[in-house]
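Enquirer: File follows, model-v7.cif with mmCIF, C-alpha atoms:
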data_protein
loop_
_atom_site.label_atom_id
_atom_site.label_comp_id
_atom_site.auth_asym_id
_atom_site.auth_seq_id
_atom_site.Cartn_x
_atom_site.Cartn_y
_atom_site.Cartn_z
CA MET X 12 25.45 -5.68 22.42
CA ILE X 13 23.58 -7.95 20.04
CA THR X 14 26.10 -10.33 18.54
CA PHE X 15 25.89 -12.61 15.52
CA GLU X 16 28.60 -15.28 15.22
CA ASN X 17 29.00 -17.73 12.33
CA ILE X 18 25.35 -17.46 11.33
CA ARG X 19 24.00 -19.62 8.54
CA HIS X 20 20.23 -19.44 8.24
CA ARG X 21 18.31 -20.00 5.02
CA PHE X 22 20.37 -17.90 2.60
CA LEU X 23 21.69 -15.55 5.29
CA ALA X 24 25.43 -15.90 5.99
CA ILE X 25 26.97 -13.64 8.66
CA ASP X 26 30.37 -14.51 10.08
CA SER X 27 30.39 -11.73 12.66
CA LEU X 28 28.13 -8.77 13.37
CA VAL X 29 27.83 -6.56 16.45
CA ILE X 30 24.83 -4.28 16.97
CA PRO X 31 25.36 -1.71 19.71
CA PRO X 32 22.46 -0.23 21.72
CA GLY X 33 20.39 2.48 20.05
CA ILE X 34 18.36 2.65 16.84
CA THR X 35 19.76 0.43 14.11
CA SER X 36 18.27 0.56 10.61
CA VAL X 37 18.60 -2.35 8.21
CA ILE X 38 18.40 -1.57 4.49
CA GLY X 39 19.00 -3.42 1.26
CA PRO X 40 17.33 -4.72 -1.89
CA ASN X 41 14.10 -6.73 -1.73
CA GLY X 42 14.95 -10.32 -0.87
CA SER X 43 18.37 -9.50 0.60
CA GLY X 44 17.61 -11.10 3.97
CA LYS X 45 16.48 -8.10 6.04
CA SER X 46 13.37 -9.79 7.45
CA THR X 47 15.33 -12.99 8.13
CA LEU X 48 17.95 -11.01 10.08
CA LEU X 49 15.19 -9.30 12.07
CA LYS X 50 13.49 -12.62 12.86
CA LEU X 51 16.80 -13.90 14.28
CA CYS X 52 17.14 -10.75 16.42
CA ALA X 53 13.61 -11.27 17.73
CA GLY X 54 14.08 -14.99 18.42
CA ILE X 55 11.18 -15.79 16.10
CA ALA X 56 13.62 -17.91 14.10
CA GLU X 57 16.61 -19.79 15.44
CA PRO X 58 19.67 -19.99 13.18
CA ASP X 59 20.45 -23.23 11.36
CA CYS X 60 23.93 -22.78 12.83
CA GLY X 61 25.80 -20.09 14.75
CA THR X 62 24.68 -17.96 17.67
CA VAL X 63 22.71 -14.77 18.22
CA LEU X 64 22.99 -13.22 21.68
CA VAL X 65 21.41 -10.15 23.24
CA ASP X 66 23.65 -8.94 26.04
CA GLY X 67 24.89 -12.51 26.37
CA LYS X 68 21.45 -14.14 26.38
CA SER X 69 19.41 -15.88 23.73
CA PRO X 70 16.75 -13.60 22.14
CA ARG X 71 14.16 -16.11 23.40
CA GLU X 72 15.28 -15.35 26.97
CA THR X 73 14.93 -11.63 26.30
CA GLU X 74 11.86 -9.39 26.34
CA VAL X 75 11.23 -8.61 22.66
CA GLY X 76 8.56 -6.56 20.89
CA TYR X 77 8.07 -7.43 17.20
CA VAL X 78 6.14 -5.89 14.31
CA ASN X 79 5.72 -8.08 11.21
CA GLU X 80 6.13 -6.59 7.72
CA PHE X 81 2.66 -7.94 6.83
CA PRO X 82 0.38 -5.68 8.94
CA ASP X 83 -2.43 -8.24 9.17
CA ARG X 84 -0.09 -10.90 10.55
CA ASN X 85 0.28 -8.85 13.73
CA ILE X 86 -3.40 -9.06 14.57
CA LEU X 87 -4.67 -11.55 17.16
CA PHE X 88 -7.86 -9.92 18.38
CA SER X 89 -10.82 -8.12 16.84
CA THR X 90 -10.68 -4.84 18.76
CA VAL X 91 -7.87 -2.33 19.17
CA LYS X 92 -8.29 -2.39 22.95
CA ASP X 93 -7.98 -6.19 23.16
CA GLU X 94 -5.03 -6.16 20.77
CA LEU X 95 -3.18 -3.63 22.92
CA ALA X 96 -4.10 -5.48 26.11
CA SER X 97 -2.95 -8.89 24.87
CA PRO X 98 0.74 -8.78 25.93
CA LEU X 99 -0.36 -7.65 29.42
CA ARG X 100 -3.17 -10.19 29.74
CA PHE X 101 -0.88 -13.03 28.61
CA ARG X 102 1.24 -12.28 31.67
CA HIS X 103 -1.79 -11.98 33.98
CA THR X 104 -1.41 -8.26 34.65
CA PRO X 105 -4.30 -7.10 36.90
CA CYS X 106 -7.26 -5.65 34.95
CA ARG X 107 -7.01 -2.15 36.42
CA GLU X 108 -3.28 -1.90 35.68
CA THR X 109 -3.87 -3.27 32.17
CA ASP X 110 -6.52 -0.65 31.49
CA MET X 111 -4.32 2.19 32.75
CA THR X 112 -1.32 0.96 30.76
CA ILE X 113 -3.40 0.69 27.55
CA ARG X 114 -4.58 4.27 27.86
CA ALA X 115 -1.12 5.62 28.64
CA CYS X 116 0.47 3.68 25.78
CA ALA X 117 -2.25 4.74 23.31
CA GLU X 118 -1.70 8.36 24.25
CA THR X 119 2.07 8.07 23.88
CA MET X 120 1.68 6.47 20.45
CA GLY X 121 -0.97 8.98 19.34
CA ILE X 122 -3.70 6.37 18.84
CA SER X 123 -6.14 7.16 21.67
CA ARG X 124 -8.79 7.91 19.03
CA LEU X 125 -8.51 4.33 17.77
CA LEU X 126 -9.16 2.57 21.10
CA ASP X 127 -12.87 1.95 20.48
CA ARG X 128 -12.37 0.76 16.90
CA THR X 129 -12.25 -2.78 15.52
CA MET X 130 -9.06 -3.91 13.82
CA GLN X 131 -10.82 -4.58 10.51
CA ASP X 132 -12.00 -0.96 10.44
CA LEU X 133 -8.46 0.43 10.47
CA SER X 134 -6.45 1.70 7.52
CA GLY X 135 -3.12 0.05 6.71
CA GLY X 136 -1.18 2.76 8.55
CA GLU X 137 -3.46 2.59 11.59
CA LYS X 138 -3.00 -1.20 11.80
CA VAL X 139 0.77 -0.67 11.88
CA LEU X 140 0.46 1.98 14.61
CA VAL X 141 -1.59 -0.42 16.76
CA ALA X 142 0.97 -3.20 16.12
CA LEU X 143 3.76 -0.83 17.12
CA ALA X 144 1.97 0.19 20.33
CA THR X 145 1.29 -3.49 21.15
CA ALA X 146 4.99 -4.28 20.63
CA CYS X 147 5.99 -1.41 22.94
CA ILE X 148 3.41 -1.82 25.68
CA THR X 149 5.53 -4.08 27.92
CA ARG X 150 8.59 -1.85 27.42
CA PRO X 151 10.70 -4.65 25.91
CA GLN X 152 14.49 -4.65 25.94
CA VAL X 153 14.56 -5.24 22.17
CA LEU X 154 12.13 -3.72 19.67
CA VAL X 155 12.21 -5.33 16.22
CA LEU X 156 10.26 -3.46 13.54
CA ASP X 157 9.99 -4.91 10.07
CA GLU X 158 9.06 -2.12 7.62
CA TYR X 159 6.68 -0.54 10.13
CA ASP X 160 6.91 2.69 8.12
CA SER X 161 5.76 1.32 4.76
CA HIS X 162 2.17 2.47 5.36
CA LEU X 163 2.91 5.61 7.39
CA ASP X 164 3.16 9.19 6.19
CA VAL X 165 6.44 11.03 6.65
CA ASP X 166 5.15 13.31 9.41
CA ARG X 167 4.06 10.33 11.48
CA CYS X 168 7.41 8.59 10.92
CA GLU X 169 9.29 11.67 12.09
CA TRP X 170 6.96 12.00 15.07
CA LEU X 171 7.64 8.36 16.00
CA ASN X 172 11.44 8.70 16.11
CA PRO X 173 11.58 10.31 19.59
CA VAL X 174 8.75 8.01 20.72
CA LEU X 175 10.87 4.98 19.81
CA ARG X 176 13.85 6.48 21.65
CA ALA X 177 11.67 6.96 24.73
CA SER X 178 10.16 3.47 24.49
CA GLY X 179 12.61 2.07 27.03
CA ALA X 180 14.01 -0.43 24.52
CA GLY X 181 17.78 -0.65 24.68
CA TYR X 182 17.84 -1.87 21.09
CA VAL X 183 15.54 -0.78 18.27
CA ILE X 184 16.25 -2.79 15.11
CA ARG X 185 14.17 -1.59 12.19
CA CYS X 186 14.07 -2.45 8.55
CA THR X 187 13.02 0.36 6.23
CA GLN X 188 12.86 1.31 2.57
CA GLN X 189 12.75 5.02 3.46
CA MET X 190 16.34 6.21 3.31
CA GLU X 191 15.51 9.48 5.07
CA THR X 192 14.36 7.35 8.03
CA ALA X 193 17.49 5.19 7.88
CA ALA X 194 19.60 8.37 7.87
CA VAL X 195 18.46 9.44 11.34
CA GLY X 196 19.25 6.22 13.23
CA ASP X 197 22.38 5.51 15.25
CA GLN X 198 23.65 2.58 13.16
CA LEU X 199 23.00 1.34 9.66
CA ILE X 200 23.40 -2.13 8.19
CA TYR X 201 23.31 -2.66 4.41
CA LEU X 202 22.53 -6.19 3.26
CA GLU X 203 22.82 -7.72 -0.19
CA LYS X 204 22.14 -11.34 -1.17
CA GLY X 205 22.16 -12.53 2.43
CA ARG X 206 25.47 -10.87 3.34
CA VAL X 207 26.24 -7.82 5.46
CA VAL X 208 28.01 -5.56 2.95
CA HIS X 209 28.30 -2.35 4.99
CA THR X 210 27.80 -1.55 8.66
CA GLY X 211 28.49 1.57 10.71
CA THR X 212 27.03 5.02 11.22
CA PRO X 213 24.46 6.22 8.64
CA ALA X 214 27.01 8.77 7.37
CA GLY X 215 29.68 6.10 6.97
CA VAL X 216 27.44 3.54 5.26
CA PHE X 217 25.71 6.03 2.96
CA ALA X 218 29.12 7.42 1.94
CA ARG X 219 29.77 3.97 0.45
CA LEU X 220 26.35 3.95 -1.24
CA CYS X 221 26.57 7.45 -2.72
CA ASP X 222 26.34 6.17 -6.31
CA SER X 223 23.40 3.89 -5.58
CA PRO X 224 19.65 4.60 -5.50
CA PHE X 225 19.81 3.96 -1.73
CA TYR X 226 21.54 7.29 -1.05
CA PRO X 227 19.06 9.70 0.65
CA LEU X 228 17.72 12.29 -1.76
CA SER X 229 17.98 15.11 0.79
CA TRP X 230 21.70 14.33 1.19
CA ARG X 231 22.27 14.24 -2.55
CA TRP X 232 20.73 17.67 -3.03
CA PRO X 233 20.90 19.58 0.27
CA ILE X 234 18.90 22.78 -0.16
CA MET W 9 -12.08 9.21 -21.44
CA ARG W 10 -12.64 10.63 -17.96
CA LEU W 11 -13.54 9.70 -14.41
CA ALA W 12 -15.72 12.19 -12.55
CA LEU W 13 -16.52 12.24 -8.85
CA ASP W 14 -19.82 14.03 -8.48
CA HIS W 15 -20.33 15.15 -4.87
CA LEU W 16 -19.12 11.82 -3.56
CA THR W 17 -19.38 11.20 0.16
CA ALA W 18 -18.47 8.35 2.46
CA SER W 19 -18.81 8.37 6.19
CA HIS W 20 -17.93 6.23 9.11
CA PRO W 21 -18.54 6.66 12.85
CA PHE W 22 -15.00 8.00 13.12
CA TRP W 23 -14.36 9.90 9.88
CA SER W 24 -15.92 11.21 6.69
CA LEU W 25 -14.80 11.93 3.16
CA ALA W 26 -16.17 14.23 0.46
CA ALA W 27 -14.80 14.20 -3.08
CA ASN W 28 -15.58 16.21 -6.16
CA GLY W 29 -13.46 16.40 -9.29
CA VAL W 30 -12.60 15.15 -12.74
CA PHE W 31 -9.71 12.79 -13.51
CA SER W 32 -8.56 13.09 -17.13
CA PRO W 33 -6.01 10.86 -18.90
CA GLY W 34 -2.59 11.19 -17.29
CA VAL W 35 -0.92 10.34 -14.00
CA HIS W 36 -2.63 11.65 -10.86
CA LEU W 37 -1.12 11.65 -7.37
CA VAL W 38 -3.40 11.53 -4.30
CA SER W 39 -1.80 12.06 -0.89
CA GLY W 40 -3.20 12.26 2.61
CA ASP W 41 -2.45 11.38 6.21
CA VAL W 42 -2.79 7.90 7.69
CA GLY W 43 -6.50 7.06 7.96
CA SER W 44 -7.64 10.02 5.86
CA GLY W 45 -9.65 7.79 3.49
CA LYS W 46 -7.30 7.25 0.54
CA SER W 47 -8.04 3.52 0.29
CA THR W 48 -11.78 4.13 0.68
CA LEU W 49 -11.63 6.65 -2.15
CA SER W 50 -9.73 4.17 -4.33
CA LEU W 51 -12.39 1.52 -3.69
CA MET W 52 -15.17 3.95 -4.64
CA MET W 53 -13.32 5.05 -7.79
CA ALA W 54 -12.90 1.40 -8.76
CA GLY W 55 -16.61 0.76 -8.26
CA LEU W 56 -15.95 -1.74 -5.47
CA LEU W 57 -17.54 0.37 -2.74
CA LYS W 58 -20.83 2.21 -3.04
CA PRO W 59 -20.60 5.85 -1.94
CA GLU W 60 -23.02 7.06 0.68
CA SER W 61 -24.15 9.78 -1.71
CA GLY W 62 -23.04 11.16 -5.05
CA THR W 63 -21.88 9.21 -8.06
CA VAL W 64 -18.72 8.02 -9.80
CA ILE W 65 -19.06 8.65 -13.53
CA ARG W 66 -16.85 6.58 -15.84
CA GLU W 67 -16.81 7.68 -19.46
CA ASP W 68 -15.07 5.47 -22.02
CA ILE W 69 -13.38 3.36 -19.34
CA PRO W 70 -13.98 -0.31 -20.17
CA ARG W 71 -10.91 -1.69 -18.37
CA THR W 72 -10.29 -0.82 -14.70
CA LEU W 73 -7.84 -2.28 -12.22
CA LEU W 74 -7.33 -1.47 -8.55
CA SER W 75 -4.07 -2.61 -6.98
CA PHE W 76 -4.60 -2.94 -3.20
CA GLN W 77 -2.02 -1.57 -0.79
CA PHE W 78 -1.48 -5.07 0.64
CA PRO W 79 -0.03 -7.26 -2.18
CA GLU W 80 -0.96 -10.35 -0.17
CA PHE W 81 -4.64 -9.59 -0.81
CA HIS W 82 -4.12 -10.25 -4.53
CA ILE W 83 -2.43 -13.63 -4.32
CA THR W 84 -4.45 -16.53 -5.72
CA GLY W 85 -1.66 -18.92 -6.80
CA LEU W 86 0.37 -21.18 -4.52
CA SER W 87 3.50 -20.78 -6.63
CA VAL W 88 4.99 -17.90 -8.59
CA ALA W 89 4.04 -19.67 -11.85
CA GLU W 90 0.43 -20.22 -10.72
CA GLU W 91 0.16 -16.58 -9.69
CA CYS W 92 1.46 -15.35 -13.06
CA ARG W 93 -0.84 -17.70 -14.97
CA SER W 94 -3.81 -16.39 -12.96
CA TRP W 95 -3.09 -13.09 -14.75
CA ASP W 96 -2.74 -15.00 -18.05
CA LEU W 97 0.95 -14.07 -18.19
CA ASP W 98 4.12 -16.00 -18.94
CA PRO W 99 5.85 -16.68 -15.57
CA ASP W 100 9.37 -16.37 -16.97
CA ALA W 101 8.62 -12.96 -18.49
CA VAL W 102 7.09 -11.72 -15.21
CA ILE W 103 10.01 -13.03 -13.13
CA ARG W 104 12.43 -11.22 -15.46
CA ALA W 105 10.39 -8.00 -15.40
CA ALA W 106 10.14 -8.09 -11.60
CA GLY W 107 13.88 -8.72 -11.24
CA LEU W 108 13.17 -11.51 -8.78
CA ASP W 109 15.68 -14.18 -7.76
CA VAL W 110 13.02 -16.92 -7.65
CA THR W 111 11.94 -19.91 -9.73
CA ARG W 112 8.54 -20.78 -11.17
CA LYS W 113 8.01 -23.21 -8.28
CA THR W 114 8.84 -20.79 -5.46
CA PRO W 115 5.81 -20.69 -3.13
CA THR W 116 4.22 -17.23 -3.11
CA HIS W 117 3.84 -17.35 0.67
CA SER W 118 7.62 -17.72 1.07
CA LEU W 119 8.34 -14.40 -0.67
CA SER W 120 9.19 -11.36 1.39
CA ARG W 121 6.66 -8.56 1.24
CA GLY W 122 8.88 -6.54 -1.09
CA GLU W 123 9.28 -9.53 -3.42
CA LEU W 124 5.53 -10.11 -3.34
CA LYS W 125 4.92 -6.45 -4.20
CA ARG W 126 7.37 -6.69 -7.12
CA LEU W 127 5.65 -9.84 -8.41
CA HIS W 128 2.22 -8.27 -8.10
CA LEU W 129 3.22 -5.00 -9.77
CA ALA W 130 5.02 -6.83 -12.58
CA CYS W 131 1.72 -8.65 -13.28
CA VAL W 132 -0.28 -5.41 -13.08
CA LEU W 133 2.10 -3.45 -15.32
CA SER W 134 2.26 -6.20 -17.92
CA ARG W 135 -1.29 -5.42 -18.98
CA GLU W 136 -3.13 -2.37 -20.25
CA TYR W 137 -5.96 -0.62 -18.40
CA ASP W 138 -7.98 2.50 -19.12
CA LEU W 139 -8.19 3.27 -15.40
CA LEU W 140 -5.31 2.05 -13.22
CA LEU W 141 -5.72 2.75 -9.50
CA LEU W 142 -2.62 2.03 -7.40
CA ASP W 143 -2.99 2.11 -3.61
CA GLU W 144 0.47 2.57 -2.06
CA PRO W 145 2.37 1.03 -5.00
CA PHE W 146 5.76 1.94 -3.52
CA SER W 147 5.33 0.47 -0.03
CA SER W 148 7.85 -2.32 0.71
CA LEU W 149 9.70 -1.76 -2.59
CA ASP W 150 13.44 -1.11 -2.44
CA CYS W 151 14.81 2.03 -4.13
CA PRO W 152 15.67 0.31 -7.45
CA GLY W 153 12.18 -1.26 -7.35
CA LYS W 154 10.56 2.15 -6.90
CA GLU W 155 12.58 3.50 -9.83
CA TRP W 156 11.47 0.54 -11.99
CA VAL W 157 7.78 1.14 -11.17
CA CYS W 158 8.20 4.86 -11.89
CA ARG W 159 9.73 4.15 -15.29
CA GLN W 160 6.85 1.81 -16.15
CA LEU W 161 4.22 4.33 -15.05
CA SER W 162 5.92 7.26 -16.76
CA ASN W 163 5.94 5.27 -20.00
CA ARG W 164 2.27 4.24 -19.90
CA ALA W 165 0.87 5.03 -23.32
CA GLY W 166 -2.45 6.43 -22.19
CA GLY W 167 -5.34 5.99 -19.82
CA ILE W 168 -5.92 7.40 -16.36
CA THR W 169 -3.47 6.39 -13.64
CA VAL W 170 -4.20 7.36 -10.03
CA ILE W 171 -1.51 6.78 -7.41
CA PHE W 172 -2.49 6.91 -3.74
CA THR W 173 0.73 7.14 -1.76
CA HIS W 174 2.78 8.38 1.18
CA GLU W 175 5.95 8.16 -0.90
CA GLN W 176 8.27 11.12 -0.39
CA SER W 177 11.35 10.37 -2.47
CA ILE W 178 10.81 8.69 -5.82
CA PHE W 179 7.95 9.60 -8.16
CA PRO W 180 7.04 8.92 -11.79
CA ARG W 181 5.98 11.68 -14.17
CA ILE W 182 3.00 13.25 -12.36
CA ASP W 183 0.49 15.39 -14.25
CA HIS W 184 -1.99 16.30 -11.52
CA ILE W 185 -1.88 16.42 -7.71
CA TRP W 186 -4.74 15.92 -5.24
CA GLU W 187 -4.72 15.58 -1.47
CA ILE W 188 -7.17 14.73 1.28
CA ILE W 189 -7.33 17.42 3.94
CA GLY W 190 -9.92 17.61 6.71
CA GLY W 191 -12.09 14.95 5.06
CA ASN W 192 -12.16 16.68 1.66
CA LEU W 193 -10.43 15.77 -1.57
CA VAL W 194 -8.61 18.95 -2.57
CA ASP W 195 -7.60 19.58 -6.18
CA CYS W 196 -4.09 21.06 -6.11
CA GLY W 197 -4.11 21.28 -9.90
CA GLU W 198 -1.78 20.48 -12.75
CA MET W 199 2.00 20.22 -12.43
CA PRO W 200 4.10 22.20 -11.79
CA GLY W 201 1.73 24.87 -10.40
CA ALA W 202 0.16 22.28 -8.08
CA LEU W 203 3.36 22.02 -6.07
CA VAL W 204 2.93 25.36 -4.30
CA ARG W 205 -0.56 24.35 -3.15
CA TRP W 206 0.42 20.80 -2.13
CA GLN W 207 0.46 20.63 1.68
CA HIS W 208 1.78 17.03 1.73
CA ALA W 209 4.70 17.91 -0.53
CA PRO W 210 8.00 16.18 0.39
CA VAL W 211 10.38 18.27 2.48
CA LEU W 212 12.89 18.46 -0.38
CA VAL W 213 10.20 19.84 -2.71
CA LYS W 214 9.08 22.36 -0.08
CA ASN W 215 12.70 23.46 0.38
CA LEU W 216 13.09 23.91 -3.37
CA ILE W 217 9.90 25.99 -3.54
CA ASN W 218 11.05 28.11 -0.59
CA ALA W 219 14.34 28.65 -2.45
CA GLY W 220 12.33 29.98 -5.38
CA ARG W 221 13.01 27.03 -7.67
CA ILE W 222 9.80 25.12 -8.39
CA PRO W 223 10.57 21.72 -9.92
CA LEU W 224 8.99 21.29 -13.34
CA ALA W 225 8.54 17.58 -12.63
CA LEU W 226 8.55 15.29 -9.58
CA THR W 227 10.73 12.71 -11.31
CA PRO W 228 14.33 12.33 -10.05
CA GLU W 229 15.43 14.25 -13.16
CA GLY W 230 12.98 17.09 -12.39
CA ILE W 231 14.16 17.34 -8.78
CA ARG W 232 17.80 17.23 -9.84
CA GLU W 233 17.26 20.00 -12.39
CA ALA W 234 15.58 22.23 -9.79
CA ALA W 235 18.24 21.48 -7.17
CA CYS W 236 21.03 22.33 -9.60
CA ARG W 237 19.23 25.56 -10.51
CA THR W 238 19.18 26.42 -6.81
CA ARG W 239 22.88 25.86 -6.48
CA GLY W 240 23.63 27.85 -9.59
#
Written as structure tokens, that's how I'd like the structure from this file.
Expert:
Amino acid sequence: MITFENIRHRFLAIDSLVIPPGITSVIGPNGSGKSTLLKLCAGIAEPDCGTVLVDGKSPRETEVGYVNEFPDRNILFSTVKDELASPLRFRHTPCRETDMTIRACAETMGISRLLDRTMQDLSGGEKVLVALATACITRPQVLVLDEYDSHLDVDRCEWLNPVLRASGAGYVIRCTQQMETAAVGDQLIYLEKGRVVHTGTPAGVFARLCDSPFYPLSWRWPI
Amino acid sequence: MRLALDHLTASHPFWSLAANGVFSPGVHLVSGDVGSGKSTLSLMMAGLLKPESGTVIREDIPRTLLSFQFPEFHITGLSVAEECRSWDLDPDAVIRAAGLDVTRKTPTHSLSRGELKRLHLACVLSREYDLLLLDEPFSSLDCPGKEWVCRQLSNRAGGITVIFTHEQSIFPRIDHIWEIIGGNLVDCGEMPGALVRWQHAPVLVKNLINAGRIPLALTPEGIREAACRTRG
């Protein structure tokens, strides 16, 4: 479990929150604290007070893959191949193993055709796909994805769902503004003004949002 | 007023794009897969990128604006107030229009991406353009934010608006649909007839068409009307 206890961080205030394993979607209005919550899960930020634990350990003692909501802020290197290789090279993985892992990961993520490209040549969606593959390449225990789908088409998002499930990550925490995507996760958290307002299964949370614009369109009018 | 793409081509070692067509006043929707060339097409239509061959003809279009898909690319002010003033706009009016919980002094780099997108679009939509090109205007916006942008776009008095997007749920009033397939810009035609030819149509729209109820509009009201017809 990922547990939040007595968290106060910037304007985020969470007395208690438990995130079970699986795919958890985080939704809510712009500026409600979704990215801040995700940064705490990833260990990128440490709370001003309170504790966040991943299976009893600090996120910073946990293997985490992270995709920033600003696609360009994920980029460290000029080529796709170097970008994908970076998490492996930082841990001194042998060259041959690195090369094999890059190719296997690129194939799994459907980006083999991008391997010989430079990062600046990529479209917004392609940059996000490379960032996602880079986050997954070491098979982290926790995968934190901040609006990774905002530049992807719906077919690619649907295609990625089983890929994320097969990524080896025990926890996938993703923030999205696509309610159809949020509807197919295992858990859903709805934030408003820095507070967790609803948490539970997508069906349970959306039932409490049925009069709001956040309710999935395909659920409102099932054809 | 019209924008014509006359045998426009752009190529790259890894992909190519060919576009031909006329964009008349109204709201146009351009869809396509990731990396299909939507942003490249928007740059060429804005006159910011020279096509490899062919020409972009602008008739009676003195004022053009291209809104990039990454709102961070537009930011020139360190604070919200500076950013609004760079557009020659009153910061308080923009903050109200964007529905942001920020002050004039809030640093722009401290905003979330969704807040930044709201700020940017509030600036864009506070002014009038003859040609308004919006690359992924809905990305990072929450659902109420998407509805707000749609209302603004649906109410635009005139001009040509072209929306390049992956959005599948919330749309403004759309008059004409285009899509990029296999490196070609395909003209699906005017609404609502365009819907049956639109390969990138949202699943809900495809389901409605398959049920024999073609929505007259892509707006939430249009979808609701078609869905209720289906049930009836």
Enquirer: Mind telling me what the PyMOL selection byres ((chain W and resi 156) around 12) catches here, as a PyMOL selection string?
Expert: (chain X and resi 224) or (chain W and resi 105-107+126+129-130+133+145-146+149-155+157-163+178-180)
Enquirer: Go ahead and write the residues just picked, C-alpha atoms, as an mmCIF file, keeping the file's coordinate frame.
Expert:
data_model
loop_
_atom_site.group_PDB
_atom_site.id
_atom_site.type_symbol
_atom_site.label_atom_id
_atom_site.label_comp_id
_atom_site.auth_asym_id
_atom_site.auth_seq_id
_atom_site.Cartn_x
_atom_site.Cartn_y
_atom_site.Cartn_z
ATOM 1 C CA PRO X 224 19.650 4.600 -5.500
ATOM 2 C CA ALA W 105 10.390 -8.000 -15.400
ATOM 3 C CA ALA W 106 10.140 -8.090 -11.600
ATOM 4 C CA GLY W 107 13.880 -8.720 -11.240
ATOM 5 C CA ARG W 126 7.370 -6.690 -7.120
ATOM 6 C CA LEU W 129 3.220 -5.000 -9.770
ATOM 7 C CA ALA W 130 5.020 -6.830 -12.580
ATOM 8 C CA LEU W 133 2.100 -3.450 -15.320
ATOM 9 C CA PRO W 145 2.370 1.030 -5.000
ATOM 10 C CA PHE W 146 5.760 1.940 -3.520
ATOM 11 C CA LEU W 149 9.700 -1.760 -2.590
ATOM 12 C CA ASP W 150 13.440 -1.110 -2.440
ATOM 13 C CA CYS W 151 14.810 2.030 -4.130
ATOM 14 C CA PRO W 152 15.670 0.310 -7.450
ATOM 15 C CA GLY W 153 12.180 -1.260 -7.350
ATOM 16 C CA LYS W 154 10.560 2.150 -6.900
ATOM 17 C CA GLU W 155 12.580 3.500 -9.830
ATOM 18 C CA VAL W 157 7.780 1.140 -11.170
ATOM 19 C CA CYS W 158 8.200 4.860 -11.890
ATOM 20 C CA ARG W 159 9.730 4.150 -15.290
ATOM 21 C CA GLN W 160 6.850 1.810 -16.150
ATOM 22 C CA LEU W 161 4.220 4.330 -15.050
ATOM 23 C CA SER W 162 5.920 7.260 -16.760
ATOM 24 C CA ASN W 163 5.940 5.270 -20.000
ATOM 25 C CA ILE W 178 10.810 8.690 -5.820
ATOM 26 C CA PHE W 179 7.950 9.600 -8.160
ATOM 27 C CA PRO W 180 7.040 8.920 -11.790
#
Enquirer: What residues come out when you apply the PyMOL selection byres ((chain X) within 9 of (chain W)) to this file, written as a count of residues only?
Expert: 41
Enquirer: Suppose a student applies the PyMOL selection byres ((chain W and resi 52) around 12) to this structure; what residues should they get, written as a PyMOL selection string?
Expert: chain W and resi 11-14+16-18+25-27+45-51+53-66+74+141
Enquirer: What does the structure give for the distance between atom CA of Val207 of chain X and atom CA of Val75 of chain X, in Å to one decimal?
Expert: 22.8 Å
Enquirer: Check the smallest atom-to-atom distance from each of X:Glu16, X:Asp93, X:Asp26, X:Glu57 to Arg206 of chain X using only C-alpha atoms, then report the winner.
Expert: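 Between X:Glu16, X:Asp93, X:Asp26, X:Glu57, the residue approaching Arg206 of chain X most closely is X:Asp26.
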Enquirer: Show which residues sit within 12 Å of Phe31 of chain W, as JSON, numbers by chain. Count only C-alpha atoms, and ignore same-chain residues fewer than 3 positions away.
Expert: {"W": [9, 10, 11, 12, 13, 14, 27, 28, 34, 35, 36, 37, 38, 53, 64, 65, 66, 67, 69, 138, 139, 140, 141, 167, 168, 169, 170, 171, 183, 184, 185, 186, 195, 197, 198]}
Enquirer: Could you tell me, as a short mmCIF file (atom, residue, chain, number, x, y, z; two decimals) with C-alpha atoms, in the coordinates of the input, which residues have any atom at most 9 Å from (8.4, 17.5, -9.3), counting only C-alpha atoms?
Expert:
data_model
loop_
_atom_site.label_atom_id
_atom_site.label_comp_id
_atom_site.auth_asym_id
_atom_site.auth_seq_id
_atom_site.Cartn_x
_atom_site.Cartn_y
_atom_site.Cartn_z
CA PHE W 179 7.95 9.60 -8.16
CA ARG W 181 5.98 11.68 -14.17
CA ILE W 182 3.00 13.25 -12.36
CA MET W 199 2.00 20.22 -12.43
CA PRO W 200 4.10 22.20 -11.79
CA LEU W 203 3.36 22.02 -6.07
CA VAL W 213 10.20 19.84 -2.71
CA ILE W 222 9.80 25.12 -8.39
CA PRO W 223 10.57 21.72 -9.92
CA LEU W 224 8.99 21.29 -13.34
CA ALA W 225 8.54 17.58 -12.63
CA LEU W 226 8.55 15.29 -9.58
CA THR W 227 10.73 12.71 -11.31
CA PRO W 228 14.33 12.33 -10.05
CA GLU W 229 15.43 14.25 -13.16
CA GLY W 230 12.98 17.09 -12.39
CA ILE W 231 14.16 17.34 -8.78
CA ALA W 234 15.58 22.23 -9.79
#
Enquirer: Would you place a box with edges along x, y and z of the file around all atoms of segment 208-211 of chain X listed there, add 4 Å to each of its six sides, and report the centre and edge lengths in Å to one decimal, as JSON?
Expert:
{"center_x": 28.1, "center_y": -2.0, "center_z": 6.8, "size_x": 8.7, "size_y": 15.1, "size_z": 15.8}
Enquirer: For Val102 of chain W, which of W:Val132, W:Ala165, W:Leu73, W:Ile83 is the closest residue, counting only C-alpha atoms?
Expert: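 Closest to Val102 of chain W of all the choices is W:Val132.
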Enquirer: When distances are computed from all atoms listed in the file, which of W:Ser134, W:Ser19, W:Thr72, W:Gln207 shows the smallest separation from Ala101 of chain W?
Expert: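 Nearest to Ala101 of chain W: W:Ser134.
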